[in-house]
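Data first, discussion second: the structure below is written as structure tokens.
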Amino acid sequence: MKIKPILPLLILSGALPASQDVARHTQEELHRLHQDTKAYIASLEDPQRDAYQKPHEVVTALDLKDGEVIADVGAGAGYFSLRFANHVGERGRVYAVDISPDMVRHLNRRIRDLKLRNVVTVLAEPDDPLLPDGSIDRFFLCNTWHHIDGQSRYLALMKRILKPGGQVVMIDFQKKELPVGPPVEMKIAREDLIRQMETNGFRLVKEHNFLPYQYFLIFAVQ
Ligand SMILES: C[S@@+](CC[C@H](N)C(=O)[O-])C[C@H]1O[C@@H](n2cnc3c(N)ncnc32)[C@H](O)[C@@H]1O
């Protein structure tokens, strides 16, 4: 695997610069960032993030189909949702699910400005994506799983919401010191996530290894 040069580690002090998502965060810095929606959005949308997040490669690897229905849980500012919109076609749908009213408002503005007709925002509950049963081909979660409350119950809900043959895609930071992302104690190890998914009735069906700091796992219902 070829790893791109690591981006410079920003030293965070009082103010939170827009480009901070390329830096490592302490819990306190993250908490402050999450209180400041503008800065949070700027960090998620920071073009420097693309160097390690590789959005084009991720979307290509997903091989989205015309007419597919994908739910981006923890959609944030729409980093992936808005890209997915170009790949599922007019008959397809992207549900951009988030619990933050500020993020959902921001997304609604972007959807309107980009004149997208196949992206629908959902203001969800922390323990429920509020999607109809049997409605989704794929769940997609990037850097979001550790935010979810009551994960076993959430996985049971996801099973109900998935169409037959549906999948859950999880991208998250490797549980070790990295130049980007949350502190180690907030991360979920790849092996622990796989175990948790298996315990809750999912099995790993595919893994991509081109992201330098994150695992990229695809699960199906067992
Ligand atoms: C680190 S951001 C990731 C955003 C996006 N997935 C990306 O890769 O740019 C996490 C997002 O998850 C949202 N979130 C936190 N808890 C959530 C929950 N229980 N259900 C849905 N979204 C949640 C937050 O509001 C935030 O927008």
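How things are named: the first chain in the structure tokens is A, the next is B, and so on; residues count from 1 in each chain; ligands count from 1 in the order shown.
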
Pull the closest atom pair for each residue of chain A that gets at most 10 Å from ligand 1, along with the distance in Å to one decimal, counting only C-alpha atoms and all ligand atoms, ordering rows by chain and then ascending residue number, as a tab-separated table.
residue	atom	partner	partner_atom_place_in_ligand_line	distance
A:Asp21	CA	ligand 1	1 (C)	9.2
A:Leu30	CA	ligand 1	1 (C)	9.6
A:His34	CA	ligand 1	25 (O)	8.0
A:Thr37	CA	ligand 1	27 (O)	9.2
A:Tyr40	CA	ligand 1	2 (S)	8.3
A:Ile41	CA	ligand 1	27 (O)	8.3
A:Ser43	CA	ligand 1	9 (O)	8.7
A:Leu44	CA	ligand 1	9 (O)	5.0
A:Glu45	CA	ligand 1	9 (O)	7.0
A:Asp46	CA	ligand 1	9 (O)	9.6
A:Arg49	CA	ligand 1	9 (O)	9.4
A:Gln53	CA	ligand 1	8 (O)	8.4
A:Pro55	CA	ligand 1	8 (O)	9.4
A:Asp72	CA	ligand 1	6 (N)	7.0
A:Val73	CA	ligand 1	21 (C)	5.1
A:Gly74	CA	ligand 1	12 (O)	3.3
A:Ala75	CA	ligand 1	6 (N)	4.4
A:Gly76	CA	ligand 1	27 (O)	3.3
A:Ala77	CA	ligand 1	9 (O)	6.2
A:Gly78	CA	ligand 1	9 (O)	6.3
A:Tyr79	CA	ligand 1	9 (O)	4.7
A:Phe80	CA	ligand 1	7 (C)	6.4
A:Ser81	CA	ligand 1	6 (N)	8.4
A:Ala96	CA	ligand 1	22 (N)	9.2
A:Val97	CA	ligand 1	21 (C)	5.8
A:Asp98	CA	ligand 1	22 (N)	3.8
A:Ile99	CA	ligand 1	22 (N)	4.7
A:Ser100	CA	ligand 1	25 (O)	4.6
A:Pro101	CA	ligand 1	25 (O)	8.3
A:Asp102	CA	ligand 1	25 (O)	8.5
A:Met103	CA	ligand 1	27 (O)	6.2
A:Val104	CA	ligand 1	27 (O)	8.7
A:Val122	CA	ligand 1	21 (C)	9.1
A:Leu123	CA	ligand 1	21 (C)	8.1
A:Ala124	CA	ligand 1	21 (C)	6.1
A:Glu125	CA	ligand 1	20 (N)	6.2
A:Pro126	CA	ligand 1	19 (N)	3.4
A:Asp127	CA	ligand 1	19 (N)	5.5
A:Asp128	CA	ligand 1	20 (N)	6.9
A:Pro129	CA	ligand 1	20 (N)	6.3
A:Leu130	CA	ligand 1	20 (N)	9.7
A:Phe140	CA	ligand 1	6 (N)	8.3
A:Leu141	CA	ligand 1	6 (N)	6.0
A:Cys142	CA	ligand 1	6 (N)	4.3
A:Asn143	CA	ligand 1	1 (C)	5.0
A:Thr144	CA	ligand 1	10 (C)	4.7
A:Trp145	CA	ligand 1	16 (N)	7.8
A:His146	CA	ligand 1	16 (N)	8.0
A:His147	CA	ligand 1	16 (N)	4.4
A:Ile148	CA	ligand 1	19 (N)	4.0
A:Asp149	CA	ligand 1	19 (N)	5.9
A:Gly150	CA	ligand 1	19 (N)	9.0
A:Gln151	CA	ligand 1	19 (N)	9.2
A:Tyr154	CA	ligand 1	19 (N)	9.0
A:Ile171	CA	ligand 1	8 (O)	8.5
A:Asp172	CA	ligand 1	8 (O)	9.0
A:Gly181	CA	ligand 1	1 (C)	8.6
A:Pro182	CA	ligand 1	1 (C)	8.8

Please provide the set of residues having any atom within 12 Å of A:Lys159, restricted to only C-alpha atoms, with same-chain residues fewer than 3 positions apart removed, written as a ChimeraX atom specification.
/A:129,131-139,152-156,162-168,197,200-202,219-222

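Residue nearest A:Glu177, chosen from A:Ile218, A:Leu157, A:Ala189, A:Val69 and counting only C-alpha atoms: A:Ala189.
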
Give me the residues within 7 Å of A:Asp66 as a PDB file with all heavy atoms, in the first residue's frame, counting only C-alpha atoms and dropping any in the same chain fewer than 4 places off.
ATOM      1  N   HIS A  87     -24.002   9.238  -8.135  1.00  0.00           N
ATOM      2  CA  HIS A  87     -23.774   7.838  -8.530  1.00  0.00           C
ATOM      3  C   HIS A  87     -25.009   6.954  -8.416  1.00  0.00           C
ATOM      4  O   HIS A  87     -24.981   5.828  -8.893  1.00  0.00           O
ATOM      5  CB  HIS A  87     -22.637   7.240  -7.693  1.00  0.00           C
ATOM      6  CG  HIS A  87     -21.317   7.910  -7.956  1.00  0.00           C
ATOM      7  ND1 HIS A  87     -20.386   7.413  -8.838  1.00  0.00           N
ATOM      8  CD2 HIS A  87     -20.805   9.069  -7.479  1.00  0.00           C
ATOM      9  CE1 HIS A  87     -19.356   8.231  -8.884  1.00  0.00           C
ATOM     10  NE2 HIS A  87     -19.581   9.239  -8.079  1.00  0.00           N
ATOM     11  N   VAL A  88     -26.049   7.425  -7.747  1.00  0.00           N
ATOM     12  CA  VAL A  88     -27.231   6.558  -7.582  1.00  0.00           C
ATOM     13  C   VAL A  88     -28.331   6.893  -8.593  1.00  0.00           C
ATOM     14  O   VAL A  88     -29.343   6.192  -8.650  1.00  0.00           O
ATOM     15  CB  VAL A  88     -27.800   6.603  -6.131  1.00  0.00           C
ATOM     16  CG1 VAL A  88     -26.768   6.069  -5.141  1.00  0.00           C
ATOM     17  CG2 VAL A  88     -28.251   8.001  -5.758  1.00  0.00           C
ATOM     18  N   GLY A  89     -28.107   7.944  -9.356  1.00  0.00           N
ATOM     19  CA  GLY A  89     -29.041   8.286 -10.429  1.00  0.00           C
ATOM     20  C   GLY A  89     -30.348   8.882  -9.931  1.00  0.00           C
ATOM     21  O   GLY A  89     -30.580   9.029  -8.730  1.00  0.00           O
ATOM     22  N   ARG A  91     -33.308   7.635 -10.100  1.00  0.00           N
ATOM     23  CA  ARG A  91     -34.193   6.663  -9.422  1.00  0.00           C
ATOM     24  C   ARG A  91     -33.659   6.286  -8.049  1.00  0.00           C
ATOM     25  O   ARG A  91     -34.368   5.726  -7.229  1.00  0.00           O
ATOM     26  CB  ARG A  91     -34.336   5.392 -10.271  1.00  0.00           C
ATOM     27  CG  ARG A  91     -35.098   5.590 -11.560  1.00  0.00           C
ATOM     28  CD  ARG A  91     -35.262   4.267 -12.301  1.00  0.00           C
ATOM     29  NE  ARG A  91     -33.980   3.561 -12.469  1.00  0.00           N
ATOM     30  CZ  ARG A  91     -33.687   2.400 -11.907  1.00  0.00           C
ATOM     31  NH1 ARG A  91     -34.558   1.783 -11.156  1.00  0.00           N
ATOM     32  NH2 ARG A  91     -32.499   1.848 -12.112  1.00  0.00           N
ATOM     33  N   GLY A  92     -32.384   6.566  -7.806  1.00  0.00           N
ATOM     34  CA  GLY A  92     -31.781   6.220  -6.518  1.00  0.00           C
ATOM     35  C   GLY A  92     -32.023   7.303  -5.487  1.00  0.00           C
ATOM     36  O   GLY A  92     -32.624   8.354  -5.782  1.00  0.00           O
TER      37      GLY A  92
END

Would you please give, as a PyMOL selection string, all residues of stretch 63-204 of chain A that DSSP assigns to helix (DSSP H, G or I) based on the backbone?
chain A and resi 81-84+101-113+145-147+151-161+184-186+190-199

Determine which residues of stretch 49-219 of chain A DSSP labels as strand (DSSP E or B) from the backbone of this structure, then write them out as number ranges by chain.
A: 69-73, 93-98, 119-123, 125, 128, 136-142, 162-173, 181, 202-208, 214-219
